[in-house]
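Trainee: File follows, target-v3.cif with mmCIF, N, CA and C atoms:
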data_input
#
loop_
_atom_site.label_atom_id
_atom_site.label_comp_id
_atom_site.auth_asym_id
_atom_site.auth_seq_id
_atom_site.Cartn_x
_atom_site.Cartn_y
_atom_site.Cartn_z
N GLU I 84 60.76 41.75 119.14
CA GLU I 84 60.06 40.65 118.51
C GLU I 84 61.05 39.65 117.91
N TYR I 85 62.14 40.18 117.35
CA TYR I 85 63.18 39.33 116.77
C TYR I 85 63.76 38.39 117.83
N LYS I 86 64.05 38.95 119.01
CA LYS I 86 64.62 38.14 120.09
C LYS I 86 63.65 37.03 120.51
N LYS I 87 62.35 37.35 120.53
CA LYS I 87 61.34 36.38 120.92
C LYS I 87 61.31 35.21 119.93
N VAL I 88 61.37 35.52 118.64
CA VAL I 88 61.38 34.48 117.60
C VAL I 88 62.64 33.64 117.72
N CYS I 89 63.78 34.29 117.95
CA CYS I 89 65.05 33.56 118.10
C CYS I 89 65.01 32.62 119.31
N GLU I 90 64.46 33.09 120.41
CA GLU I 90 64.36 32.25 121.60
C GLU I 90 63.46 31.04 121.36
N GLU I 91 62.36 31.25 120.63
CA GLU I 91 61.47 30.14 120.30
C GLU I 91 62.18 29.12 119.40
N LEU I 92 62.88 29.63 118.38
CA LEU I 92 63.62 28.74 117.47
C LEU I 92 64.73 28.01 118.21
N ASN I 93 65.39 28.69 119.11
CA ASN I 93 66.47 28.10 119.88
C ASN I 93 65.94 26.92 120.70
N GLY I 94 64.75 27.07 121.27
CA GLY I 94 64.14 26.00 122.04
C GLY I 94 63.74 24.82 121.17
N ILE I 95 63.28 25.10 119.96
CA ILE I 95 62.83 24.05 119.05
C ILE I 95 64.02 23.34 118.39
N LEU I 96 64.97 24.12 117.88
CA LEU I 96 66.08 23.56 117.10
C LEU I 96 67.29 23.16 117.94
N LYS I 97 67.32 23.53 119.20
CA LYS I 97 68.47 23.24 120.08
C LYS I 97 69.76 23.81 119.48
N ILE I 98 69.75 25.10 119.18
CA ILE I 98 70.90 25.77 118.60
C ILE I 98 72.00 25.91 119.64
N ASP I 99 73.20 25.61 119.26
CA ASP I 99 74.36 25.72 120.14
C ASP I 99 74.59 27.19 120.48
N PRO I 100 74.61 27.57 121.76
CA PRO I 100 74.82 28.97 122.12
C PRO I 100 76.21 29.48 121.77
N LYS I 101 77.16 28.57 121.56
CA LYS I 101 78.52 28.98 121.20
C LYS I 101 78.70 29.14 119.69
N ALA I 102 77.67 28.80 118.93
CA ALA I 102 77.75 28.87 117.47
C ALA I 102 77.65 30.32 117.01
N CYS I 103 78.06 30.55 115.80
CA CYS I 103 77.99 31.88 115.18
C CYS I 103 76.53 32.30 115.06
N LYS I 104 76.24 33.53 115.47
CA LYS I 104 74.88 34.05 115.42
C LYS I 104 74.40 34.23 113.98
N LEU I 105 75.32 34.39 113.05
CA LEU I 105 74.93 34.66 111.67
C LEU I 105 74.76 33.40 110.83
N CYS I 106 75.68 32.43 110.95
CA CYS I 106 75.58 31.23 110.12
C CYS I 106 75.08 30.02 110.90
N GLY I 107 75.11 30.08 112.23
CA GLY I 107 74.64 28.97 113.06
C GLY I 107 75.62 27.83 113.22
N LYS I 108 76.83 27.98 112.70
CA LYS I 108 77.82 26.91 112.79
C LYS I 108 78.84 27.21 113.88
N GLY I 109 79.45 26.17 114.38
CA GLY I 109 80.50 26.32 115.39
C GLY I 109 81.82 26.68 114.74
N SER I 110 82.74 25.79 114.76
CA SER I 110 84.07 26.02 114.24
C SER I 110 84.09 25.87 112.72
N LEU I 111 84.62 26.87 112.03
CA LEU I 111 84.81 26.80 110.58
C LEU I 111 86.27 26.48 110.31
N LYS I 112 86.52 25.42 109.59
CA LYS I 112 87.89 25.01 109.29
C LYS I 112 88.27 25.49 107.90
N PHE I 113 89.50 25.99 107.79
CA PHE I 113 90.04 26.40 106.50
C PHE I 113 90.82 25.26 105.88
N GLU I 114 91.12 25.38 104.61
CA GLU I 114 92.01 24.43 103.96
C GLU I 114 93.38 24.53 104.63
N PRO I 115 94.09 23.42 104.76
CA PRO I 115 95.42 23.50 105.37
C PRO I 115 96.35 24.33 104.49
N PRO I 116 97.29 25.04 105.12
CA PRO I 116 98.21 25.85 104.34
C PRO I 116 99.15 24.96 103.51
N VAL I 117 99.57 25.47 102.38
CA VAL I 117 100.53 24.77 101.54
C VAL I 117 101.92 25.25 101.95
N LEU I 118 102.79 24.32 102.31
CA LEU I 118 104.14 24.66 102.74
C LEU I 118 105.14 24.17 101.68
N TYR I 119 106.11 25.01 101.36
CA TYR I 119 107.16 24.65 100.43
C TYR I 119 108.49 24.64 101.16
N CYS I 120 109.34 23.71 100.80
CA CYS I 120 110.66 23.56 101.42
C CYS I 120 111.55 24.73 100.99
N SER I 121 112.33 25.24 101.94
CA SER I 121 113.27 26.33 101.65
C SER I 121 114.63 25.79 101.22
N GLY I 122 114.81 24.48 101.26
CA GLY I 122 116.08 23.86 100.91
C GLY I 122 116.24 23.70 99.41
N MET I 123 117.45 23.30 99.02
CA MET I 123 117.75 23.15 97.59
C MET I 123 117.80 21.69 97.15
N SER I 124 117.96 20.76 98.07
CA SER I 124 118.12 19.35 97.71
C SER I 124 116.88 18.77 97.04
N CYS I 125 115.71 19.19 97.47
CA CYS I 125 114.46 18.64 96.93
C CYS I 125 113.88 19.51 95.82
N GLY I 126 114.56 20.56 95.47
CA GLY I 126 114.04 21.45 94.42
C GLY I 126 112.91 22.33 94.91
N MET I 127 112.94 22.69 96.19
CA MET I 127 111.92 23.55 96.80
C MET I 127 110.52 22.97 96.60
N SER I 128 110.39 21.68 96.84
CA SER I 128 109.11 21.00 96.62
C SER I 128 108.14 21.26 97.77
N ARG I 129 106.94 20.84 97.54
CA ARG I 129 105.86 20.98 98.52
C ARG I 129 106.05 19.98 99.64
N ILE I 130 105.83 20.43 100.89
CA ILE I 130 105.91 19.53 102.03
C ILE I 130 104.56 18.83 102.17
N LYS I 131 104.59 17.50 102.16
CA LYS I 131 103.36 16.73 102.17
C LYS I 131 102.61 16.86 103.49
N ARG I 132 101.32 16.65 103.42
CA ARG I 132 100.45 16.70 104.58
C ARG I 132 100.86 15.59 105.56
N ASN I 133 100.84 15.90 106.85
CA ASN I 133 101.20 15.00 107.95
C ASN I 133 102.68 14.60 107.97
N ALA I 134 103.50 15.26 107.17
CA ALA I 134 104.94 14.98 107.16
C ALA I 134 105.64 15.82 108.23
N ILE I 135 106.75 15.31 108.74
CA ILE I 135 107.59 16.06 109.67
C ILE I 135 108.43 17.04 108.85
N TYR I 136 108.54 18.27 109.33
CA TYR I 136 109.39 19.27 108.69
C TYR I 136 110.04 20.10 109.78
N TYR I 137 110.92 21.00 109.39
CA TYR I 137 111.64 21.86 110.34
C TYR I 137 111.40 23.31 109.95
N THR I 138 111.29 24.16 110.97
CA THR I 138 110.96 25.55 110.72
C THR I 138 111.68 26.47 111.71
N ASP I 139 111.72 27.75 111.38
CA ASP I 139 112.30 28.74 112.30
C ASP I 139 111.22 29.16 113.31
N ALA I 140 111.60 29.96 114.29
CA ALA I 140 110.68 30.36 115.37
C ALA I 140 109.47 31.14 114.84
N LYS I 141 109.65 31.91 113.77
CA LYS I 141 108.54 32.69 113.21
C LYS I 141 107.69 31.87 112.25
N LYS I 142 108.11 30.65 111.96
CA LYS I 142 107.41 29.73 111.06
C LYS I 142 107.24 30.32 109.66
N GLN I 143 108.27 31.01 109.19
CA GLN I 143 108.24 31.59 107.85
C GLN I 143 109.06 30.78 106.85
N ASN I 144 110.01 30.01 107.33
CA ASN I 144 110.85 29.17 106.48
C ASN I 144 110.68 27.73 106.91
N HIS I 145 110.71 26.81 105.93
CA HIS I 145 110.46 25.40 106.21
C HIS I 145 111.46 24.53 105.46
N TRP I 146 111.86 23.40 106.07
CA TRP I 146 112.75 22.45 105.44
C TRP I 146 112.16 21.05 105.59
N CYS I 147 112.17 20.29 104.49
CA CYS I 147 111.75 18.89 104.56
C CYS I 147 112.86 18.09 105.25
N LYS I 148 112.58 16.84 105.57
CA LYS I 148 113.56 15.99 106.26
C LYS I 148 114.86 15.85 105.45
N THR I 149 114.72 15.67 104.14
CA THR I 149 115.89 15.48 103.28
C THR I 149 116.80 16.70 103.32
N CYS I 150 116.22 17.87 103.13
CA CYS I 150 117.02 19.10 103.12
C CYS I 150 117.59 19.41 104.50
N TYR I 151 116.82 19.13 105.54
CA TYR I 151 117.29 19.36 106.91
C TYR I 151 118.52 18.50 107.20
N SER I 152 118.48 17.24 106.78
CA SER I 152 119.60 16.33 107.05
C SER I 152 120.87 16.77 106.34
N GLN I 153 120.73 17.53 105.26
CA GLN I 153 121.91 17.98 104.51
C GLN I 153 122.45 19.33 104.99
N LEU I 154 121.75 19.98 105.92
CA LEU I 154 122.26 21.24 106.48
C LEU I 154 123.44 20.94 107.40
N LYS I 155 124.47 21.78 107.35
CA LYS I 155 125.64 21.58 108.21
C LYS I 155 125.35 22.18 109.58
N PRO I 156 125.71 21.48 110.67
CA PRO I 156 125.37 21.91 112.03
C PRO I 156 125.89 23.29 112.43
N ASN I 157 127.08 23.66 112.04
CA ASN I 157 127.67 24.94 112.48
C ASN I 157 127.55 26.06 111.45
N GLU I 158 126.97 25.77 110.31
CA GLU I 158 126.84 26.77 109.26
C GLU I 158 125.59 27.62 109.49
N LEU I 159 125.70 28.93 109.30
CA LEU I 159 124.54 29.82 109.45
C LEU I 159 123.63 29.69 108.24
N ILE I 160 122.33 29.64 108.50
CA ILE I 160 121.33 29.53 107.44
C ILE I 160 120.66 30.89 107.30
N MET I 161 120.62 31.42 106.09
CA MET I 161 119.98 32.71 105.82
C MET I 161 118.47 32.51 105.65
N LEU I 162 117.68 33.24 106.44
CA LEU I 162 116.22 33.16 106.37
C LEU I 162 115.68 34.22 105.42
N ASP I 163 114.41 34.10 105.06
CA ASP I 163 113.79 35.04 104.12
C ASP I 163 113.80 36.48 104.61
N ASP I 164 113.75 36.69 105.93
CA ASP I 164 113.73 38.05 106.47
C ASP I 164 115.13 38.65 106.61
N GLY I 165 116.16 37.91 106.18
CA GLY I 165 117.54 38.42 106.24
C GLY I 165 118.29 38.00 107.49
N SER I 166 117.63 37.44 108.47
CA SER I 166 118.31 37.00 109.68
C SER I 166 118.97 35.64 109.43
N GLU I 167 119.83 35.25 110.36
CA GLU I 167 120.54 33.99 110.23
C GLU I 167 120.27 33.10 111.44
N ILE I 168 120.33 31.79 111.23
CA ILE I 168 120.06 30.84 112.30
C ILE I 168 120.91 29.59 112.07
N LYS I 169 121.22 28.89 113.15
CA LYS I 169 121.94 27.62 113.03
C LYS I 169 120.94 26.48 113.00
N LYS I 170 121.39 25.35 112.47
CA LYS I 170 120.52 24.17 112.30
C LYS I 170 119.88 23.73 113.62
N GLN I 171 120.64 23.71 114.71
CA GLN I 171 120.09 23.23 115.99
C GLN I 171 118.99 24.13 116.55
N ARG I 172 118.85 25.35 116.03
CA ARG I 172 117.79 26.26 116.50
C ARG I 172 116.48 26.06 115.73
N LEU I 173 116.50 25.24 114.67
CA LEU I 173 115.27 24.97 113.92
C LEU I 173 114.37 24.05 114.73
N LEU I 174 113.08 24.24 114.61
CA LEU I 174 112.09 23.48 115.38
C LEU I 174 111.46 22.40 114.51
N SER I 175 111.25 21.24 115.10
CA SER I 175 110.58 20.15 114.41
C SER I 175 109.07 20.35 114.53
N ALA I 176 108.36 20.08 113.44
CA ALA I 176 106.90 20.25 113.44
C ALA I 176 106.28 19.21 112.52
N LYS I 177 104.99 19.00 112.69
CA LYS I 177 104.24 18.10 111.81
C LYS I 177 103.23 18.93 111.03
N HIS I 178 103.17 18.69 109.73
CA HIS I 178 102.29 19.47 108.86
C HIS I 178 100.86 18.92 108.92
N ASP I 179 100.19 19.18 110.06
CA ASP I 179 98.84 18.67 110.24
C ASP I 179 97.86 19.71 110.77
N SER I 180 98.24 20.98 110.71
CA SER I 180 97.36 22.02 111.27
C SER I 180 96.15 22.26 110.37
N LEU I 181 95.03 22.59 111.00
CA LEU I 181 93.82 22.99 110.30
C LEU I 181 93.38 24.32 110.91
N PRO I 182 93.72 25.43 110.28
CA PRO I 182 93.34 26.73 110.84
C PRO I 182 91.82 26.88 110.92
N THR I 183 91.36 27.57 111.97
CA THR I 183 89.93 27.81 112.14
C THR I 183 89.66 29.30 112.09
N GLU I 184 88.45 29.65 111.73
CA GLU I 184 88.03 31.05 111.66
C GLU I 184 87.83 31.60 113.06
N ALA I 185 88.33 32.78 113.29
CA ALA I 185 88.22 33.41 114.61
C ALA I 185 86.82 33.99 114.82
N PHE I 186 86.40 34.01 116.08
CA PHE I 186 85.13 34.63 116.47
C PHE I 186 85.40 36.04 116.97
N ILE I 187 84.37 36.89 116.89
CA ILE I 187 84.41 38.21 117.50
C ILE I 187 83.08 38.40 118.22
N GLU I 188 83.10 39.10 119.36
CA GLU I 188 81.90 39.27 120.16
C GLU I 188 81.23 40.60 119.85
N CYS I 189 79.92 40.56 119.66
CA CYS I 189 79.13 41.76 119.41
C CYS I 189 79.03 42.57 120.70
N TYR I 190 79.23 43.87 120.60
CA TYR I 190 79.19 44.76 121.75
C TYR I 190 77.79 44.83 122.36
N ASP I 191 76.74 44.78 121.52
CA ASP I 191 75.37 44.93 122.00
C ASP I 191 74.77 43.62 122.54
N CYS I 192 74.75 42.59 121.72
CA CYS I 192 74.06 41.35 122.12
C CYS I 192 74.99 40.32 122.76
N LYS I 193 76.28 40.59 122.75
CA LYS I 193 77.29 39.71 123.35
C LYS I 193 77.38 38.34 122.68
N ALA I 194 76.79 38.19 121.51
CA ALA I 194 76.87 36.92 120.78
C ALA I 194 78.17 36.85 120.01
N ASN I 195 78.65 35.64 119.78
CA ASN I 195 79.85 35.43 118.98
C ASN I 195 79.47 35.24 117.52
N VAL I 196 80.24 35.85 116.65
CA VAL I 196 80.07 35.67 115.21
C VAL I 196 81.44 35.42 114.60
N HIS I 197 81.47 34.62 113.53
CA HIS I 197 82.72 34.44 112.81
C HIS I 197 83.10 35.76 112.15
N GLN I 198 84.37 36.07 112.16
CA GLN I 198 84.81 37.31 111.52
C GLN I 198 84.44 37.32 110.04
N ILE I 199 84.55 36.17 109.38
CA ILE I 199 84.24 36.11 107.95
C ILE I 199 82.74 36.29 107.69
N CYS I 200 81.89 35.80 108.58
CA CYS I 200 80.44 35.94 108.42
C CYS I 200 80.01 37.41 108.56
N ALA I 201 80.70 38.14 109.43
CA ALA I 201 80.37 39.55 109.67
C ALA I 201 81.15 40.48 108.75
N LEU I 202 81.93 39.90 107.85
CA LEU I 202 82.80 40.69 106.95
C LEU I 202 83.69 41.63 107.75
N TYR I 203 84.23 41.13 108.84
CA TYR I 203 85.08 41.91 109.75
C TYR I 203 86.54 41.60 109.45
N ASN I 204 87.33 42.64 109.29
CA ASN I 204 88.76 42.48 109.05
C ASN I 204 89.51 43.07 110.23
N GLY I 205 90.01 42.23 111.10
CA GLY I 205 90.73 42.68 112.29
C GLY I 205 91.98 43.47 111.98
N ARG I 206 92.59 43.24 110.82
CA ARG I 206 93.81 43.97 110.45
C ARG I 206 93.51 45.41 110.06
N LYS I 207 92.32 45.65 109.52
CA LYS I 207 91.97 47.00 109.09
C LYS I 207 91.17 47.78 110.12
N SER I 208 90.52 47.07 111.02
CA SER I 208 89.66 47.73 112.00
C SER I 208 90.47 48.34 113.14
N ASP I 209 89.99 49.46 113.64
CA ASP I 209 90.61 50.14 114.78
C ASP I 209 90.36 49.31 116.03
N SER I 210 91.41 49.06 116.81
CA SER I 210 91.27 48.21 118.00
C SER I 210 90.39 48.85 119.08
N ASN I 211 90.24 50.16 119.07
CA ASN I 211 89.40 50.84 120.06
C ASN I 211 87.93 50.91 119.65
N GLN I 212 87.65 50.58 118.41
CA GLN I 212 86.30 50.65 117.89
C GLN I 212 85.49 49.44 118.36
N VAL I 213 84.23 49.68 118.78
CA VAL I 213 83.38 48.56 119.20
C VAL I 213 82.84 47.85 117.97
N PHE I 214 82.61 46.55 118.10
CA PHE I 214 82.06 45.77 117.00
C PHE I 214 80.59 45.48 117.27
N ARG I 215 79.77 45.74 116.28
CA ARG I 215 78.35 45.39 116.34
C ARG I 215 78.05 44.47 115.17
N CYS I 216 77.36 43.38 115.47
CA CYS I 216 77.03 42.43 114.40
C CYS I 216 75.98 43.05 113.47
N PRO I 217 75.87 42.55 112.24
CA PRO I 217 74.91 43.11 111.28
C PRO I 217 73.48 43.12 111.80
N LYS I 218 73.09 42.11 112.57
CA LYS I 218 71.72 42.06 113.09
C LYS I 218 71.47 43.20 114.08
N CYS I 219 72.43 43.49 114.93
CA CYS I 219 72.28 44.58 115.91
C CYS I 219 72.33 45.95 115.22
N ILE I 220 73.10 46.05 114.16
CA ILE I 220 73.14 47.31 113.40
C ILE I 220 71.75 47.57 112.81
N LEU I 221 71.12 46.55 112.27
CA LEU I 221 69.78 46.71 111.70
C LEU I 221 68.75 47.08 112.76
N VAL I 222 68.87 46.49 113.94
CA VAL I 222 67.94 46.80 115.04
C VAL I 222 68.11 48.25 115.48
N ARG I 223 69.34 48.73 115.53
CA ARG I 223 69.62 50.10 115.98
C ARG I 223 69.24 51.15 114.95
N ARG I 224 69.24 50.79 113.69
CA ARG I 224 68.98 51.75 112.61
C ARG I 224 67.49 52.07 112.56
N SER I 225 67.18 53.34 112.39
CA SER I 225 65.78 53.74 112.28
C SER I 225 65.26 53.33 110.90
N PRO I 226 63.97 53.11 110.74
CA PRO I 226 63.42 52.62 109.47
C PRO I 226 63.67 53.53 108.28
N ASP I 227 63.73 54.86 108.49
CA ASP I 227 63.91 55.78 107.38
C ASP I 227 65.38 56.17 107.17
N GLU I 228 66.29 55.61 107.94
CA GLU I 228 67.71 55.94 107.82
C GLU I 228 68.34 55.18 106.66
N GLU I 229 69.18 55.86 105.90
CA GLU I 229 69.90 55.24 104.81
C GLU I 229 71.12 54.51 105.32
N PRO I 230 71.49 53.38 104.71
CA PRO I 230 72.72 52.67 105.13
C PRO I 230 73.95 53.51 104.83
N ASP I 231 75.02 53.28 105.61
CA ASP I 231 76.28 54.02 105.42
C ASP I 231 76.96 53.61 104.13
#
Could I get this structure in the form of structure tokens?

Mentor:
Amino acid sequence: EYKKVCEELNGILKIDPKACKLCGKGSLKFEPPVLYCSGMSCGMSRIKRNAIYYTDAKKQNHWCKTCYSQLKPNELIMLDDGSEIKKQRLLSAKHDSLPTEAFIECYDCKANVHQICALYNGRKSDSNQVFRCPKCILVRRSPDEEPD
């Protein structure tokens, strides 16, 4: 009966089939990350939005233009993880990223849901474990069964 109601609503409301089954929204954007310069010339200040900066391959260390220009070309730079890199190996980037929330597919209904909407933590969950969205869990649960 639930599926029948959803199909009727989908026809009336023109719900995007790629949207999250739980919240009904497509892409969820997060606040942009705050980046701080790893250099000493600027006093380890914040790298402004849409500014050009330089970073290592793992994107864990960042340098503003001012600090990058003061790095010596042949001198090794110590990174936060203890490794060393030369100036020419640093990558140029623009601070304009907007991270989005990842989707996960329900094993039963094959619908996509945002990980945050389903309270799913990919870092803690077993990779071999199947994912079922909250709606499918409720459908599978018998009426007299207690929640886990």

Trainee: For the provided coordinates, the residues matched by the PyMOL selection byres ((chain I and resi 178) around 5) should be stated as a PyMOL selection string.

Mentor: chain I and resi 132-134+176-177+179-180

Trainee: Can you list, as a list in words, every residue of stretch 91-195 of chain I that DSSP puts in strand (DSSP E or B)?

Mentor: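 After running DSSP on the backbone, stretch 91-195 of chain I has strand (DSSP E or B) at Lys112, Tyr119, Arg129, Ile135, Tyr136, Tyr137, Thr138, His145, Trp146, Cys147, Ile160, Met161, Glu167, Ile168, Leu174, Ser175, Ala176, Lys177, Thr183, Phe186, Ile187, Glu188 and Asn195 of chain I.
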
Trainee: Tell me which protein, DNA and RNA residues are within 8 Å of I:Thr149, counting only N, CA and C atoms, leaving out same-chain ones fewer than 6 positions away, and put them as a PDB file with N, CA and C atoms, in the coordinates of the input.

Mentor:
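Dumped everything to result.pdb:
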ATOM      1  N   GLY I 122     114.810  24.480 101.260  1.00  0.00           N
ATOM      2  CA  GLY I 122     116.080  23.860 100.910  1.00  0.00           C
ATOM      3  C   GLY I 122     116.240  23.700  99.410  1.00  0.00           C
ATOM      4  N   MET I 123     117.450  23.300  99.020  1.00  0.00           N
ATOM      5  CA  MET I 123     117.750  23.150  97.590  1.00  0.00           C
ATOM      6  C   MET I 123     117.800  21.690  97.150  1.00  0.00           C
ATOM      7  N   SER I 124     117.960  20.760  98.070  1.00  0.00           N
ATOM      8  CA  SER I 124     118.120  19.350  97.710  1.00  0.00           C
ATOM      9  C   SER I 124     116.880  18.770  97.040  1.00  0.00           C
ATOM     10  N   CYS I 125     115.710  19.190  97.470  1.00  0.00           N
ATOM     11  CA  CYS I 125     114.460  18.640  96.930  1.00  0.00           C
ATOM     12  C   CYS I 125     113.880  19.510  95.820  1.00  0.00           C
ATOM     13  N   ILE I 135     106.750  15.310 108.740  1.00  0.00           N
ATOM     14  CA  ILE I 135     107.590  16.060 109.670  1.00  0.00           C
ATOM     15  C   ILE I 135     108.430  17.040 108.850  1.00  0.00           C
ATOM     16  N   TYR I 136     108.540  18.270 109.330  1.00  0.00           N
ATOM     17  CA  TYR I 136     109.390  19.270 108.690  1.00  0.00           C
ATOM     18  C   TYR I 136     110.040  20.100 109.780  1.00  0.00           C
TER      19      TYR I 136
END

Trainee: From the set I:Ala140, I:Leu221, I:Ala102, I:Cys147, which residue has the shortest atom-to-atom contact distance to I:Cys120, counting only C-alpha atoms?

Mentor: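 Using only C-alpha atoms, I:Cys120 sits closest to I:Cys147.
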
Trainee: Could you write out as a list in words the residues that the PyMOL selection byres ((chain I and resi 113) around 6) matches in the shown file?

Mentor: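 Output from the PyMOL selection byres ((chain I and resi 113) around 6), applied to this file: Leu111, Lys112, Glu114, Pro115, Leu181, Pro182, Thr183 and Glu184 of chain I.
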
Trainee: Atom CA of I:Pro156 and atom C of I:Lys131, how far apart in Å?

Mentor: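 So the answer is 24.8 Å.
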
Trainee: Calculate how many Å separate atom CA of I:Lys170 from atom CA of I:Ser121, rounding to one decimal.

Mentor: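 Here the two named atoms are 13.1 Å from each other.
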
Trainee: Calculated over only C-alpha atoms, which of the candidates I:Gln143, I:Ser175, I:Asn211, I:Asn204 has the smallest distance to I:Ile187?

Mentor: I:Asn204

Trainee: Do you have the atom CA of I:Phe186-atom CA of I:Lys218 distance handy?

Mentor: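 If I compute the distance from atom CA of I:Phe186 to atom CA of I:Lys218, I get 15.7 Å.
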
Trainee: Please check which residues have atoms at most 7 Å from (81.1, 44.2, 120.3) in the file's coordinates, counting only C-alpha atoms, and write them as a PyMOL selection string.

Mentor: chain I and resi 188-191+193+213-215

Trainee: Centre and edge lengths of an axis-aligned box around all listed atoms of stretch 196-215 of chain I, with 6 Å added on each side, are to be given in Å to one decimal, as lines of an AutoDock Vina configuration file.

Mentor:
center_x = 85.9
center_y = 42.7
center_z = 113.5
size_x = 27.8
size_y = 28.5
size_z = 25.1

Trainee: For the file shown, report as a PDB file with N, CA and C atoms, in the coordinates of the input the outcome of the PyMOL selection byres ((chain I and resi 119) around 6.5) at residue level.

Mentor:
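part_37.pdb was written with the following content:
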ATOM      1  N   VAL I 117      99.570  25.470 102.380  1.00  0.00           N
ATOM      2  CA  VAL I 117     100.530  24.770 101.540  1.00  0.00           C
ATOM      3  C   VAL I 117     101.920  25.250 101.950  1.00  0.00           C
ATOM      4  N   LEU I 118     102.790  24.320 102.310  1.00  0.00           N
ATOM      5  CA  LEU I 118     104.140  24.660 102.740  1.00  0.00           C
ATOM      6  C   LEU I 118     105.140  24.170 101.680  1.00  0.00           C
ATOM      7  N   CYS I 120     109.340  23.710 100.800  1.00  0.00           N
ATOM      8  CA  CYS I 120     110.660  23.560 101.420  1.00  0.00           C
ATOM      9  C   CYS I 120     111.550  24.730 100.990  1.00  0.00           C
ATOM     10  N   SER I 121     112.330  25.240 101.940  1.00  0.00           N
ATOM     11  CA  SER I 121     113.270  26.330 101.650  1.00  0.00           C
ATOM     12  C   SER I 121     114.630  25.790 101.220  1.00  0.00           C
ATOM     13  N   GLY I 122     114.810  24.480 101.260  1.00  0.00           N
ATOM     14  CA  GLY I 122     116.080  23.860 100.910  1.00  0.00           C
ATOM     15  C   GLY I 122     116.240  23.700  99.410  1.00  0.00           C
ATOM     16  N   MET I 127     112.940  22.690  96.190  1.00  0.00           N
ATOM     17  CA  MET I 127     111.920  23.550  96.800  1.00  0.00           C
ATOM     18  C   MET I 127     110.520  22.970  96.600  1.00  0.00           C
ATOM     19  N   SER I 128     110.390  21.680  96.840  1.00  0.00           N
ATOM     20  CA  SER I 128     109.110  21.000  96.620  1.00  0.00           C
ATOM     21  C   SER I 128     108.140  21.260  97.770  1.00  0.00           C
ATOM     22  N   ARG I 129     106.940  20.840  97.540  1.00  0.00           N
ATOM     23  CA  ARG I 129     105.860  20.980  98.520  1.00  0.00           C
ATOM     24  C   ARG I 129     106.050  19.980  99.640  1.00  0.00           C
ATOM     25  N   ILE I 130     105.830  20.430 100.890  1.00  0.00           N
ATOM     26  CA  ILE I 130     105.910  19.530 102.030  1.00  0.00           C
ATOM     27  C   ILE I 130     104.560  18.830 102.170  1.00  0.00           C
ATOM     28  N   HIS I 145     110.710  26.810 105.930  1.00  0.00           N
ATOM     29  CA  HIS I 145     110.460  25.400 106.210  1.00  0.00           C
ATOM     30  C   HIS I 145     111.460  24.530 105.460  1.00  0.00           C
ATOM     31  N   TRP I 146     111.860  23.400 106.070  1.00  0.00           N
ATOM     32  CA  TRP I 146     112.750  22.450 105.440  1.00  0.00           C
ATOM     33  C   TRP I 146     112.160  21.050 105.590  1.00  0.00           C
TER      34      TRP I 146
END

Trainee: If you run DSSP on this backbone, which residues of stretch 104-185 of chain I come out as helix (DSSP H, G or I), and could you give them as an mmCIF file with N, CA and C atoms, in the frame of the given file?

Mentor:
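Resulting contents of states05.cif:
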data_model
loop_
_atom_site.group_PDB
_atom_site.id
_atom_site.type_symbol
_atom_site.label_atom_id
_atom_site.label_comp_id
_atom_site.auth_asym_id
_atom_site.auth_seq_id
_atom_site.Cartn_x
_atom_site.Cartn_y
_atom_site.Cartn_z
ATOM 1 N N LYS I 148 112.580 16.840 105.570
ATOM 2 C CA LYS I 148 113.560 15.990 106.260
ATOM 3 C C LYS I 148 114.860 15.850 105.450
ATOM 4 N N THR I 149 114.720 15.670 104.140
ATOM 5 C CA THR I 149 115.890 15.480 103.280
ATOM 6 C C THR I 149 116.800 16.700 103.320
ATOM 7 N N CYS I 150 116.220 17.870 103.130
ATOM 8 C CA CYS I 150 117.020 19.100 103.120
ATOM 9 C C CYS I 150 117.590 19.410 104.500
ATOM 10 N N TYR I 151 116.820 19.130 105.540
ATOM 11 C CA TYR I 151 117.290 19.360 106.910
ATOM 12 C C TYR I 151 118.520 18.500 107.200
ATOM 13 N N SER I 152 118.480 17.240 106.780
ATOM 14 C CA SER I 152 119.600 16.330 107.050
ATOM 15 C C SER I 152 120.870 16.770 106.340
ATOM 16 N N LYS I 170 121.390 25.350 112.470
ATOM 17 C CA LYS I 170 120.520 24.170 112.300
ATOM 18 C C LYS I 170 119.880 23.730 113.620
ATOM 19 N N GLN I 171 120.640 23.710 114.710
ATOM 20 C CA GLN I 171 120.090 23.230 115.990
ATOM 21 C C GLN I 171 118.990 24.130 116.550
ATOM 22 N N ARG I 172 118.850 25.350 116.030
ATOM 23 C CA ARG I 172 117.790 26.260 116.500
ATOM 24 C C ARG I 172 116.480 26.060 115.730
#

Trainee: Add whatever atoms are absent from stretch 208-212 of chain I to reach N, CA, C and O atoms, and provide the output as a compact mmCIF listing (two decimals), in the coordinates of the input.

Mentor:
# COMPACT_ATOMS: atom_id res chain seq x y z
N SER I 208 90.52 47.07 111.02
CA SER I 208 89.66 47.73 112.00
C SER I 208 90.47 48.34 113.14
O SER I 208 91.48 47.79 113.55
N ASP I 209 89.99 49.46 113.64
CA ASP I 209 90.61 50.14 114.78
C ASP I 209 90.36 49.31 116.03
O ASP I 209 89.23 48.91 116.31
N SER I 210 91.41 49.06 116.81
CA SER I 210 91.27 48.21 118.00
C SER I 210 90.39 48.85 119.08
O SER I 210 89.85 48.15 119.93
N ASN I 211 90.24 50.16 119.07
CA ASN I 211 89.40 50.84 120.06
C ASN I 211 87.93 50.91 119.65
O ASN I 211 87.08 51.27 120.45
N GLN I 212 87.65 50.58 118.41
CA GLN I 212 86.30 50.65 117.89
C GLN I 212 85.49 49.44 118.36
O GLN I 212 85.97 48.31 118.36
